[in-house]
>>> print(open('my_file_9.txt').read())   # compact mmCIF, C-alpha atoms and all ligand atoms
# COMPACT_ATOMS: atom_id res chain seq x y z
CA MET A 1 114.32 49.26 2.85
CA ASN A 2 113.64 46.25 0.66
CA THR A 3 111.71 43.30 1.99
CA THR A 4 112.71 39.68 1.43
CA ASP A 5 113.38 38.62 -2.10
CA GLU A 6 111.51 35.37 -2.19
CA GLN A 7 110.68 34.40 -5.74
CA GLY A 8 112.80 35.69 -8.61
CA GLY A 9 112.93 39.19 -7.21
CA PHE A 10 109.29 39.26 -6.12
CA ASP A 11 107.97 39.43 -2.57
CA ALA A 12 104.55 38.08 -3.62
CA ASP A 13 102.49 37.33 -6.70
CA VAL A 14 99.73 39.78 -5.86
CA ALA A 15 99.39 42.78 -3.55
CA VAL A 16 95.88 43.64 -2.40
CA ILE A 17 95.70 47.28 -1.35
CA GLY A 18 92.94 47.98 1.17
CA LEU A 19 91.36 45.18 3.22
CA GLY A 20 87.82 46.48 3.50
CA ALA A 21 84.72 44.72 2.18
CA ILE A 22 86.02 43.79 -1.26
CA GLY A 23 89.77 43.66 -0.54
CA SER A 24 89.56 41.23 2.39
CA SER A 25 87.45 38.90 0.22
CA ALA A 26 89.76 39.34 -2.80
CA ALA A 27 92.73 38.35 -0.62
CA TRP A 28 90.77 35.33 0.67
CA ARG A 29 89.64 34.17 -2.78
CA LEU A 30 93.14 34.64 -4.23
CA ALA A 31 94.78 32.75 -1.37
CA THR A 32 92.31 29.84 -1.71
CA ARG A 33 93.43 29.61 -5.35
CA GLY A 34 97.00 29.07 -4.20
CA VAL A 35 98.14 32.57 -5.12
CA ASP A 36 100.89 34.10 -2.96
CA VAL A 37 99.11 37.22 -1.65
CA ILE A 38 100.20 40.11 0.49
CA GLY A 39 97.41 42.36 1.76
CA PHE A 40 97.89 45.93 3.03
CA GLU A 41 95.43 47.75 5.31
CA GLN A 42 96.11 51.27 6.57
CA PHE A 43 93.99 50.72 9.71
CA GLU A 44 92.66 47.27 10.62
CA PRO A 45 90.02 45.02 9.00
CA GLY A 46 86.56 46.10 10.15
CA ASN A 47 87.63 49.72 10.80
CA ALA A 48 85.19 52.62 11.14
CA TRP A 49 86.82 54.94 8.58
CA GLY A 50 86.00 53.58 5.11
CA GLY A 51 82.71 52.69 3.46
CA SER A 52 81.86 49.61 5.52
CA THR A 53 81.11 50.88 9.02
CA GLY A 54 77.68 51.08 10.69
CA LYS A 55 76.66 47.74 12.29
CA THR A 56 74.45 46.46 9.44
CA ARG A 57 74.12 46.42 5.65
CA LEU A 58 71.04 45.45 3.65
CA PHE A 59 71.20 42.30 1.55
CA ARG A 60 68.82 41.80 -1.36
CA VAL A 61 68.83 39.31 -4.24
CA ALA A 62 66.24 41.02 -6.46
CA CYS A 63 68.59 43.97 -6.90
CA LEU A 64 66.83 46.94 -8.44
CA GLU A 65 70.19 48.45 -9.41
CA HIS A 66 70.88 46.01 -12.31
CA PRO A 67 69.45 42.70 -13.60
CA GLY A 68 72.99 41.31 -13.72
CA LEU A 69 73.36 41.48 -9.94
CA PRO A 70 71.22 38.57 -8.59
CA PRO A 71 73.78 35.82 -9.45
CA ILE A 72 76.45 37.92 -7.72
CA ALA A 73 74.23 38.34 -4.63
CA ARG A 74 73.57 34.59 -4.45
CA ARG A 75 77.24 33.70 -4.83
CA ALA A 76 78.01 36.31 -2.18
CA ARG A 77 75.49 34.73 0.21
CA ASP A 78 77.17 31.34 -0.23
CA LEU A 79 80.53 32.90 0.56
CA TRP A 80 79.14 34.79 3.59
CA ARG A 81 77.81 31.43 4.85
CA GLU A 82 81.25 29.89 4.31
CA LEU A 83 82.80 32.70 6.33
CA GLU A 84 80.21 32.20 9.07
CA ALA A 85 81.32 28.58 9.34
CA SER A 86 85.00 29.46 9.50
CA ALA A 87 84.46 32.35 11.94
CA GLY A 88 81.98 30.42 14.10
CA GLU A 89 79.53 33.34 14.28
CA ARG A 90 76.49 34.58 12.40
CA LEU A 91 77.17 37.25 9.78
CA PHE A 92 73.95 37.11 7.75
CA LEU A 93 70.33 37.10 8.89
CA GLU A 94 67.58 36.46 6.33
CA THR A 95 64.54 38.62 7.03
CA GLY A 96 62.94 39.13 3.62
CA GLY A 97 62.69 42.62 2.22
CA LEU A 98 59.93 44.93 1.04
CA MET A 99 60.20 47.48 -1.78
CA ILE A 100 57.38 50.04 -1.95
CA GLY A 101 56.75 52.71 -4.58
CA PRO A 102 54.72 53.72 -7.60
CA PRO A 103 54.37 50.86 -10.13
CA ASP A 104 56.50 52.75 -12.68
CA SER A 105 59.23 53.74 -10.19
CA HIS A 106 62.79 52.45 -10.39
CA ILE A 107 62.29 50.73 -7.01
CA ILE A 108 59.47 48.57 -8.36
CA GLU A 109 60.43 48.23 -12.03
CA GLY A 110 64.10 47.59 -11.25
CA THR A 111 63.27 44.94 -8.63
CA LEU A 112 60.83 43.19 -10.97
CA ALA A 113 63.32 43.33 -13.87
CA ALA A 114 66.03 41.66 -11.76
CA ALA A 115 63.50 39.07 -10.56
CA ALA A 116 62.26 38.34 -14.09
CA ALA A 117 65.79 37.96 -15.44
CA HIS A 118 66.52 35.17 -12.95
CA ASP A 119 63.07 33.80 -12.15
CA LEU A 120 63.38 34.92 -8.52
CA PRO A 121 60.56 34.05 -6.08
CA VAL A 122 59.38 37.64 -5.45
CA GLU A 123 55.77 38.49 -4.57
CA ARG A 124 53.84 41.51 -5.85
CA LEU A 125 51.68 43.16 -3.19
CA ASP A 126 48.97 45.79 -3.46
CA ALA A 127 48.50 48.50 -0.84
CA ASP A 128 45.90 46.50 1.14
CA GLU A 129 48.19 43.48 1.38
CA ILE A 130 51.12 45.64 2.44
CA ALA A 131 49.04 47.23 5.20
CA ARG A 132 47.74 43.83 6.36
CA ARG A 133 51.03 41.94 6.33
CA PHE A 134 53.32 44.83 7.26
CA PRO A 135 51.33 47.30 9.41
CA ALA A 136 54.49 49.29 10.14
CA HIS A 137 54.40 50.28 6.44
CA ALA A 138 50.71 51.19 6.37
CA LEU A 139 51.38 54.86 5.51
CA MET A 140 51.86 55.02 1.74
CA ASN A 141 51.33 57.36 -1.16
CA PRO A 142 48.14 56.69 -3.17
CA GLY A 143 48.86 54.14 -5.90
CA ASP A 144 51.97 52.68 -4.26
CA VAL A 145 52.56 48.95 -4.66
CA GLY A 146 55.06 46.53 -3.14
CA VAL A 147 57.44 43.73 -4.06
CA TRP A 148 58.54 41.21 -1.41
CA ASP A 149 62.00 39.69 -1.84
CA PRO A 150 62.07 36.67 0.50
CA GLU A 151 65.84 36.27 0.18
CA ALA A 152 66.67 39.72 1.59
CA GLY A 153 68.28 40.24 4.98
CA ILE A 154 70.98 42.03 6.92
CA LEU A 155 74.73 41.52 7.21
CA ARG A 156 77.18 42.54 9.93
CA PRO A 157 79.80 44.43 7.89
CA GLU A 158 82.61 44.87 10.41
CA ALA A 159 82.47 41.23 11.56
CA ALA A 160 82.23 39.97 7.98
CA ILE A 161 85.38 41.85 6.98
CA VAL A 162 87.27 40.58 10.02
CA ALA A 163 86.16 37.03 9.10
CA ALA A 164 87.28 37.41 5.46
CA ALA A 165 90.69 38.75 6.48
CA ALA A 166 91.08 35.86 8.94
CA ALA A 167 90.09 33.37 6.23
CA ALA A 168 92.63 34.96 3.87
CA ARG A 169 95.33 34.59 6.50
CA ALA A 170 94.31 30.99 7.19
CA ALA A 171 94.61 30.26 3.46
CA GLY A 172 98.17 31.59 3.45
CA ALA A 173 97.88 35.32 2.72
CA ARG A 174 100.21 37.70 4.53
CA ILE A 175 98.12 40.48 6.07
CA LEU A 176 99.83 43.74 7.01
CA THR A 177 97.65 46.01 9.13
CA GLY A 178 98.44 49.58 10.14
CA THR A 179 100.34 49.76 6.86
CA ARG A 180 99.46 52.51 4.43
CA VAL A 181 100.44 52.12 0.79
CA VAL A 182 101.64 55.47 -0.52
CA ALA A 183 102.37 54.56 -4.15
CA ILE A 184 102.22 51.78 -6.72
CA GLU A 185 104.80 52.00 -9.51
CA PRO A 186 104.34 49.61 -12.45
CA ASP A 187 107.33 48.92 -14.72
CA ALA A 188 108.12 46.45 -17.49
CA GLU A 189 108.54 43.44 -15.17
CA GLY A 190 106.26 44.03 -12.20
CA ILE A 191 105.07 46.60 -9.71
CA THR A 192 106.75 48.28 -6.77
CA VAL A 193 104.39 48.87 -3.86
CA ARG A 194 105.63 51.57 -1.49
CA THR A 195 104.36 51.86 2.05
CA ASP A 196 105.46 54.52 4.49
CA ALA A 197 108.04 52.05 5.89
CA ALA A 198 109.10 49.64 3.12
CA GLU A 199 108.79 48.67 -0.52
CA TYR A 200 107.61 45.40 -2.02
CA ARG A 201 107.97 43.90 -5.50
CA VAL A 202 104.92 42.06 -6.79
CA ARG A 203 103.75 40.75 -10.15
CA GLN A 204 100.21 42.15 -9.98
CA VAL A 205 98.19 44.53 -7.83
CA ALA A 206 94.50 44.62 -6.89
CA VAL A 207 93.50 48.12 -5.78
CA THR A 208 90.59 47.69 -3.35
CA SER A 209 91.03 50.86 -1.31
CA GLY A 210 87.35 51.88 -1.44
CA PRO A 211 86.87 55.65 -1.29
CA TRP A 212 90.67 56.02 -1.62
CA ILE A 213 90.87 54.30 -5.04
CA GLY A 214 91.47 57.73 -6.61
CA HIS A 215 94.80 57.95 -4.79
CA PHE A 216 96.08 55.16 -7.08
CA LEU A 217 93.79 55.28 -10.12
CA PRO A 218 92.75 58.93 -10.48
CA GLU A 219 91.48 58.37 -14.02
CA LEU A 220 88.58 56.22 -12.74
CA PRO A 221 85.36 58.25 -12.31
CA LEU A 222 84.74 57.78 -8.60
CA THR A 223 83.33 60.51 -6.36
CA PRO A 224 83.51 60.02 -2.58
CA HIS A 225 80.67 61.49 -0.51
CA ARG A 226 80.42 62.01 3.20
CA VAL A 227 77.22 60.29 4.35
CA ILE A 228 75.45 60.37 7.69
CA MET A 229 73.92 57.18 9.09
CA THR A 230 71.05 57.37 11.58
CA TRP A 231 69.34 54.94 13.98
CA PHE A 232 65.89 55.29 15.58
CA ARG A 233 64.24 53.77 18.67
CA ALA A 234 60.70 52.45 18.79
CA ARG A 235 58.32 54.80 20.60
CA ASP A 236 57.27 53.69 24.08
CA GLY A 237 54.53 51.07 23.77
CA HIS A 238 55.19 50.55 20.03
CA SER A 239 57.09 47.79 18.31
CA ALA A 240 59.33 48.34 15.29
CA ASP A 241 61.18 45.03 15.57
CA LEU A 242 62.77 43.45 12.55
CA ASP A 243 59.90 40.98 12.12
CA ARG A 244 57.43 43.90 11.88
CA LEU A 245 59.80 46.12 9.95
CA PRO A 246 62.09 43.89 7.88
CA VAL A 247 64.55 45.24 5.31
CA PHE A 248 62.92 47.88 3.12
CA ILE A 249 63.46 50.40 0.35
CA ARG A 250 60.42 52.59 -0.06
CA SER A 251 58.75 55.82 -1.04
CA VAL A 252 57.93 58.43 1.62
CA PRO A 253 54.32 59.61 2.12
CA GLY A 254 53.99 63.17 0.82
CA HIS A 255 57.60 63.39 -0.38
CA ASP A 256 59.23 62.78 -3.74
CA THR A 257 62.13 60.70 -2.43
CA TRP A 258 62.81 57.28 -0.92
CA ILE A 259 64.39 55.78 2.15
CA TRP A 260 65.99 52.45 3.03
CA GLY A 261 66.58 50.57 6.25
CA HIS A 262 65.43 47.88 8.66
CA GLY A 263 63.67 47.64 12.02
CA VAL A 264 64.95 47.26 15.57
CA VAL A 265 67.01 44.09 16.15
CA PRO A 266 66.20 43.17 19.78
CA ALA A 267 69.06 42.35 22.10
CA ASP A 268 67.34 39.46 23.88
CA GLY A 269 68.54 36.83 21.42
CA ALA A 270 65.14 35.10 21.45
CA LYS A 271 64.22 36.01 17.89
CA THR A 272 67.61 36.77 16.41
CA PRO A 273 71.08 35.26 16.69
CA ARG A 274 72.99 36.56 19.69
CA GLU A 275 75.45 38.50 17.52
CA PHE A 276 72.68 40.46 15.78
CA GLY A 277 71.12 41.77 18.97
CA GLY A 278 70.94 45.32 20.14
CA PHE A 279 70.64 47.45 17.02
CA ASP A 280 68.03 50.20 16.78
CA ALA A 281 66.09 50.64 13.55
CA LYS A 282 68.28 52.10 10.82
CA VAL A 283 66.84 54.47 8.23
CA GLY A 284 68.78 56.30 5.56
CA PRO A 285 67.87 58.70 2.78
CA GLU A 286 68.26 58.06 -0.92
CA PHE A 287 69.98 61.42 -1.30
CA ASP A 288 73.56 61.78 -0.08
CA GLY A 289 73.22 65.42 0.83
CA PRO A 290 75.61 68.14 -0.30
CA PHE A 291 78.60 66.50 1.34
CA THR A 292 81.28 65.74 -1.21
CA ALA A 293 84.61 64.53 0.08
CA ASP A 294 87.18 64.73 -2.69
CA ASP A 295 89.84 63.58 -0.27
CA PRO A 296 88.51 60.89 2.08
CA ASP A 297 91.30 61.74 4.54
CA ALA A 298 89.84 65.22 4.95
CA ILE A 299 86.21 64.38 5.64
CA ASP A 300 84.53 65.89 8.64
CA ARG A 301 83.65 63.04 11.02
CA VAL A 302 81.49 65.22 13.27
CA VAL A 303 77.72 65.27 12.72
CA HIS A 304 76.60 68.89 13.19
CA PRO A 305 73.28 70.23 14.50
CA GLY A 306 70.69 70.35 11.74
CA GLU A 307 72.31 67.68 9.58
CA THR A 308 69.75 65.06 10.56
CA ASP A 309 66.67 67.30 10.20
CA GLU A 310 65.75 65.98 6.77
CA ILE A 311 65.90 62.29 7.70
CA ARG A 312 64.01 63.06 10.92
CA ASP A 313 61.18 64.54 8.84
CA LEU A 314 61.14 61.56 6.47
CA VAL A 315 60.99 59.09 9.37
CA ALA A 316 58.21 61.09 11.02
CA ALA A 317 56.21 61.03 7.76
CA THR A 318 56.62 57.27 7.26
CA PHE A 319 56.89 55.39 10.57
CA PRO A 320 54.56 56.38 13.45
CA ASP A 321 56.15 53.56 15.52
CA LEU A 322 59.57 55.22 15.55
CA GLU A 323 60.87 58.16 17.57
CA PRO A 324 61.81 60.61 14.81
CA GLU A 325 64.87 61.99 16.64
CA PRO A 326 67.84 59.71 15.91
CA SER A 327 69.13 57.61 18.82
CA ASP A 328 72.57 57.44 17.21
CA VAL A 329 74.44 58.99 14.29
CA THR A 330 77.76 58.46 12.57
CA THR A 331 79.52 59.35 9.34
CA CYS A 332 80.56 57.00 6.57
CA ILE A 333 81.92 57.40 3.03
CA MET A 334 80.10 56.42 -0.13
CA ALA A 335 81.94 56.45 -3.45
CA HIS A 336 79.82 56.82 -6.58
CA THR A 337 80.48 55.95 -10.22
CA PRO A 338 78.54 57.79 -12.97
CA ASP A 339 76.34 54.77 -13.76
CA GLY A 340 75.96 53.53 -10.19
CA GLN A 341 77.72 50.22 -10.91
CA PHE A 342 80.93 48.87 -9.43
CA LEU A 343 84.47 48.82 -10.84
CA ILE A 344 85.59 45.20 -10.97
CA GLY A 345 88.46 43.74 -13.01
CA ALA A 346 91.31 44.84 -15.24
CA THR A 347 92.28 48.49 -15.70
CA GLU A 348 94.11 50.25 -18.54
CA HIS A 349 97.38 49.50 -16.69
CA PRO A 350 98.81 46.05 -17.33
CA ARG A 351 98.94 44.04 -14.09
CA VAL A 352 96.75 46.52 -12.17
CA PHE A 353 93.23 45.38 -11.25
CA VAL A 354 90.55 47.16 -9.26
CA GLY A 355 87.65 46.17 -6.99
CA GLY A 356 85.48 49.03 -5.76
CA GLY A 357 83.03 51.68 -6.92
CA CYS A 358 80.65 51.16 -4.00
CA SER A 359 77.82 53.38 -5.29
CA GLY A 360 75.93 52.65 -2.09
CA HIS A 361 75.05 49.01 -2.75
CA SER A 362 78.20 46.87 -2.93
CA PHE A 363 78.48 45.45 0.57
CA LYS A 364 76.00 42.64 0.06
CA HIS A 365 77.99 41.51 -2.99
CA ALA A 366 81.46 42.13 -1.55
CA SER A 367 82.46 38.51 -0.93
CA ALA A 368 81.54 37.63 -4.53
CA LEU A 369 83.08 40.85 -5.89
CA GLY A 370 86.30 39.76 -4.17
CA GLU A 371 85.96 36.48 -6.02
CA LEU A 372 85.45 38.28 -9.36
CA VAL A 373 88.57 40.35 -8.68
CA ALA A 374 90.50 37.16 -7.89
CA GLN A 375 89.26 35.55 -11.09
CA SER A 376 90.32 38.61 -13.11
CA VAL A 377 93.78 38.56 -11.54
CA VAL A 378 94.42 34.86 -12.22
CA GLY A 379 92.79 34.95 -15.67
CA GLU A 380 89.97 32.56 -14.75
CA PRO A 381 86.53 33.03 -16.35
CA HIS A 382 84.13 35.00 -14.15
CA PHE A 383 81.46 32.88 -12.43
CA THR A 384 78.84 35.17 -14.03
CA ASP A 385 78.74 37.81 -16.74
CA ALA A 386 80.41 40.83 -15.13
CA ALA A 387 80.96 42.91 -18.28
CA PHE A 388 78.67 45.64 -16.88
CA LEU A 389 81.18 46.10 -14.05
CA ASP A 390 84.28 46.35 -16.29
CA PRO A 391 86.20 49.48 -15.18
CA ARG A 392 87.25 50.11 -18.79
CA ARG A 393 83.63 50.88 -19.76
CA PHE A 394 84.38 54.54 -18.95
CA SER A 395 87.57 54.75 -21.05
CA ALA A 396 85.92 55.47 -24.39
C1 LIG B 401 75.83 54.85 4.57
C2 LIG B 401 76.05 53.69 3.67
C3 LIG B 401 75.07 52.70 3.59
C4 LIG B 401 75.26 51.61 2.76
N1 LIG B 401 74.30 50.66 2.74
C5 LIG B 401 74.50 49.54 2.01
C6 LIG B 401 73.59 48.46 2.09
O1 LIG B 401 72.61 48.52 2.84
N2 LIG B 401 73.83 47.36 1.35
C7 LIG B 401 74.92 47.25 0.55
O2 LIG B 401 75.08 46.23 -0.12
N3 LIG B 401 75.83 48.25 0.48
C8 LIG B 401 75.64 49.38 1.20
N4 LIG B 401 76.56 50.39 1.17
C9 LIG B 401 77.73 50.26 0.33
C10 LIG B 401 78.80 49.43 0.97
O3 LIG B 401 78.79 49.51 2.37
C11 LIG B 401 80.15 49.88 0.44
O4 LIG B 401 80.02 49.93 -0.95
C12 LIG B 401 81.22 48.89 0.71
O5 LIG B 401 81.24 48.58 2.06
C13 LIG B 401 82.56 49.48 0.26
O6 LIG B 401 83.51 48.45 0.31
P1 LIG B 401 84.96 48.67 -0.30
O7 LIG B 401 85.69 47.40 -0.11
O8 LIG B 401 84.86 49.21 -1.69
O9 LIG B 401 85.59 49.83 0.58
P2 LIG B 401 86.00 49.83 2.12
O10 LIG B 401 85.26 48.79 2.87
O11 LIG B 401 85.94 51.24 2.56
O12 LIG B 401 87.50 49.32 2.11
C14 LIG B 401 88.58 50.09 1.69
C15 LIG B 401 89.73 49.79 2.64
O13 LIG B 401 90.93 50.25 2.05
C16 LIG B 401 91.74 50.76 3.07
N5 LIG B 401 92.72 51.67 2.44
C17 LIG B 401 92.44 52.80 1.77
N6 LIG B 401 93.57 53.38 1.31
C18 LIG B 401 94.59 52.58 1.71
C19 LIG B 401 96.00 52.65 1.54
N7 LIG B 401 96.58 53.65 0.89
N8 LIG B 401 96.77 51.66 2.08
C20 LIG B 401 96.18 50.62 2.77
N9 LIG B 401 94.86 50.53 2.96
C21 LIG B 401 94.07 51.49 2.43
C22 LIG B 401 90.75 51.46 3.97
O14 LIG B 401 91.28 51.71 5.26
C23 LIG B 401 89.60 50.50 3.97
O15 LIG B 401 89.69 49.56 5.03
C24 LIG B 401 76.41 51.50 1.98
C25 LIG B 401 77.40 52.48 2.06
C26 LIG B 401 77.24 53.56 2.92
C27 LIG B 401 78.33 54.57 3.01
>>> encode(input="my_file_9.txt", output="structure tokens")
Amino acid sequence: MNTTDEQGGFDADVAVIGLGAIGSSAAWRLATRGVDVIGFEQFEPGNAWGGSTGKTRLFRVACLEHPGLPPIARRARDLWRELEASAGERLFLETGGLMIGPPDSHIIEGTLAAAAAHDLPVERLDADEIARRFPAHALMNPGDVGVWDPEAGILRPEAAIVAAAAAARAAGARILTGTRVVAIEPDAEGITVRTDAAEYRVRQVAVTSGPWIGHFLPELPLTPHRVIMTWFRARDGHSADLDRLPVFIRSVPGHDTWIWGHGVVPADGAKTPREFGGFDAKVGPEFDGPFTADDPDAIDRVVHPGETDEIRDLVAATFPDLEPEPSDVTTCIMAHTPDGQFLIGATEHPRVFVGGGCSGHSFKHASALGELVAQSVVGEPHFTDAAFLDPRRFSA
């Protein structure tokens, strides 16, 4: 079945495949540029099956992962705020964030390098100051130091994606949910996008299908992993609220690894916006565990006995205020590139662009990554230097 033939044989200028974190924003940023966009989502925006489920995501500006990331984080924050205004609900909560580790660790050196590159207002803390200002973090390895990023916070991923998809629709994008793309077929004039029910002719495609990018662009080096997320309650009589335990990435006393997370977000609405209430503390490990998932469709969504033992031990070693047995668990998918950076922009295929390569830290940037994808598609200069995210860096 062919769909309507609206413009010289094309159904739309651009098809966006996958409306998760990056795709919903790419569709929004394309539509606001006047581009005729059609977006395809196999489930619905804000679904629990890709890489963006789990109630919260950490936001940091002094990004230890690369000194090129702070301008992307700040642009992303502006766009999250714009989405908050259009959706009429809070999506981002600034809490500040604490990195703790040895002075020569990637956590500390990477954070300071990103801060130095953009003159960010971070604070260096010694162990005494950490223990005084953040007693929940008082257990540390000897010699550990801290860096405070006052611009850090938490985002609500599912709600943010729903808001971006709604903004895309409001700007004129056609959004097809429950519609799985099964193939993209480029030819000399354009691209045929096949779903299980219809086919569409478009001029360009943005592949933003997260862990499923390999279904369309198998040459890109992206490895999906099954990851388990875990939440923890405060012990009776103890507080591990977000103001005591704000966003963190830190070393673990007596262990050669690190953990990330944030404290309990109380449900009472007194200290936090209504929408942010009711989340237990979230703590995750730096390691992904031995859970590869070559085909995201085949991943095991059940968390089995024993799978949370390691994170339980790390929480017990670090946070005396938390019950070490998780109060909740779920699975999610992380998709890694070899250098831990995203895949944003043109591919080796003419007219095919990509936005993905999560590597465990893309959500905070997703609204701005969607904008970078949109700028690549329309041939507009990027708002910041994004050469380190060029998917063709792996081609050589
Ligand atoms: C456990 C965990 C913790 C994380 N913590 C953080 C954090 O604290 N901070 C941070 O910044 N980042 C974090 N990340 C990373 C971040 O959440 C992900 O990188 C990001 O959400 C991925 O977004 P995406 O748009 O690439 O993919 P997704 O959001 O997964 O979107 C892909 C979409 O494409 C759709 N799709 C796939 N195939 C098709 C098809 N054939 N047809 C139609 N639709 C299709 C999917 O259904 C999905 O909705 C974390 C990731 C995980 C897994």
>>> closest_residue(input="my_file_9.txt", among="A:Val352, A:Ala48, A:Ala21, A:Val37", to="Gly210 (chain A)", atoms="all atoms listed in the file")
A:Ala21
>>> residues_near_ligand(input="my_file_9.txt", ligand="ligand LIG 401 (chain B)", cutoff="7 Å", atoms="all atoms listed in the file", output="count of residues only")
50
>>> atom_distance(input="my_file_9.txt", atom1="CA of Val122 (chain A)", atom2="CA of Met140 (chain A)")
20.3 Å
>>> axis_aligned_box(input="my_file_9.txt", around="region 36-54 of chain A", padding_each_side="5 Å", output="AutoDock Vina command-line options")
--center_x 89.3 --center_y 44.5 --center_z 4.1 --size_x 33.2 --size_y 30.8 --size_z 24.1
>>> atom_distance(input="my_file_9.txt", atom1="CA of Gln375 (chain A)", atom2="CA of Pro186 (chain A)")
20.7 Å
>>> residues_near_point(input="my_file_9.txt", point="(100.0, 41.7, -5.4)", cutoff="6 Å", atoms="only C-alpha atoms", output="ChimeraX atom specification")
/A:13-16,37,202,204-205
>>> residues_around(input="my_file_9.txt", residues="Leu30 (chain A)", least_positions_apart="5", cutoff="9 Å", atoms="all atoms listed in the file", output="list in words")
Val14, Ser25, Val35, Asp36, Val37, Ala168, Ala171, Ala173, Gly370, Glu371, Val373, Ala374, Gln375, Val377 and Val378 of chain A
>>> residues_around(input="my_file_9.txt", residues="Lys55 (chain A)", least_positions_apart="5", cutoff="8 Å", atoms="only C-alpha atoms", output="PyMOL selection string")
chain A and resi 156-158+279
>>> closest_residue(input="my_file_9.txt", among="A:Glu325, A:Glu109, A:Glu380, A:Asp236", to="Cys63 (chain A)", atoms="all atoms listed in the file")
A:Glu109
>>> closest_atom_pairs(input="my_file_9.txt", of="region 323-345 of chain A", to="region 291-311 of chain A", cutoff="12 Å", atoms="all atoms listed in the file", output="CSV")
residue,atom,partner,partner_atom,distance
A:Glu323,CA,A:Ile311,CA,11.8
A:Pro324,CA,A:Ile311,CA,8.4
A:Glu325,CA,A:Thr308,CA,8.4
A:Pro326,CA,A:Thr308,CA,7.8
A:Ser327,CA,A:Thr308,CA,11.1
A:Asp328,CA,A:Val303,CA,10.4
A:Val329,CA,A:Val303,CA,7.3
A:Thr330,CA,A:Val303,CA,6.8
A:Thr331,CA,A:Arg301,CA,5.8
A:Cys332,CA,A:Arg301,CA,8.1
A:Ile333,CA,A:Pro296,CA,7.5
A:Met334,CA,A:Ala293,CA,9.3
A:Ala335,CA,A:Ala293,CA,9.2
A:His336,CA,A:Thr292,CA,10.5
>>> atom_distance(input="my_file_9.txt", atom1="CA of Gly101 (chain A)", atom2="CA of Gly146 (chain A)")
6.6 Å
>>> residues_around(input="my_file_9.txt", residues="His262 (chain A)", least_positions_apart="4", cutoff="7 Å", atoms="all atoms listed in the file", output="MDAnalysis selection string")
chainID A and resid 242 245:248 281:283
>>> residues_around(input="my_file_9.txt", residues="region 78-93 of chain A", least_positions_apart="3", cutoff="9 Å", atoms="only C-alpha atoms", output="PyMOL selection string")
chain A and resi 59+73-75+152-157+159-160+162-164+166-167+272-276+367-368
>>> residues_around(input="my_file_9.txt", residues="Gly9 (chain A)", least_positions_apart="5", cutoff="10 Å", atoms="all atoms listed in the file", output="list in words")
Thr4, Gly190, Tyr200, Arg201, Val202 and Arg203 of chain A
>>> closest_residue(input="my_file_9.txt", among="A:Ile184, A:Leu369, A:Leu139, A:Leu125", to="Ser24 (chain A)", atoms="all atoms listed in the file")
A:Leu369
>>> residues_near_point(input="my_file_9.txt", point="(54.9, 51.3, 3.9)", cutoff="10 Å", atoms="all atoms listed in the file", output="PyMOL selection string")
chain A and resi 98-101+127+130-131+134-141+144-146+245+248-253+318-319
>>> closest_residue(input="my_file_9.txt", among="A:Asp256, A:Asp11, A:Asp104, A:Asp119", to="Gly143 (chain A)", atoms="all atoms listed in the file")
A:Asp104
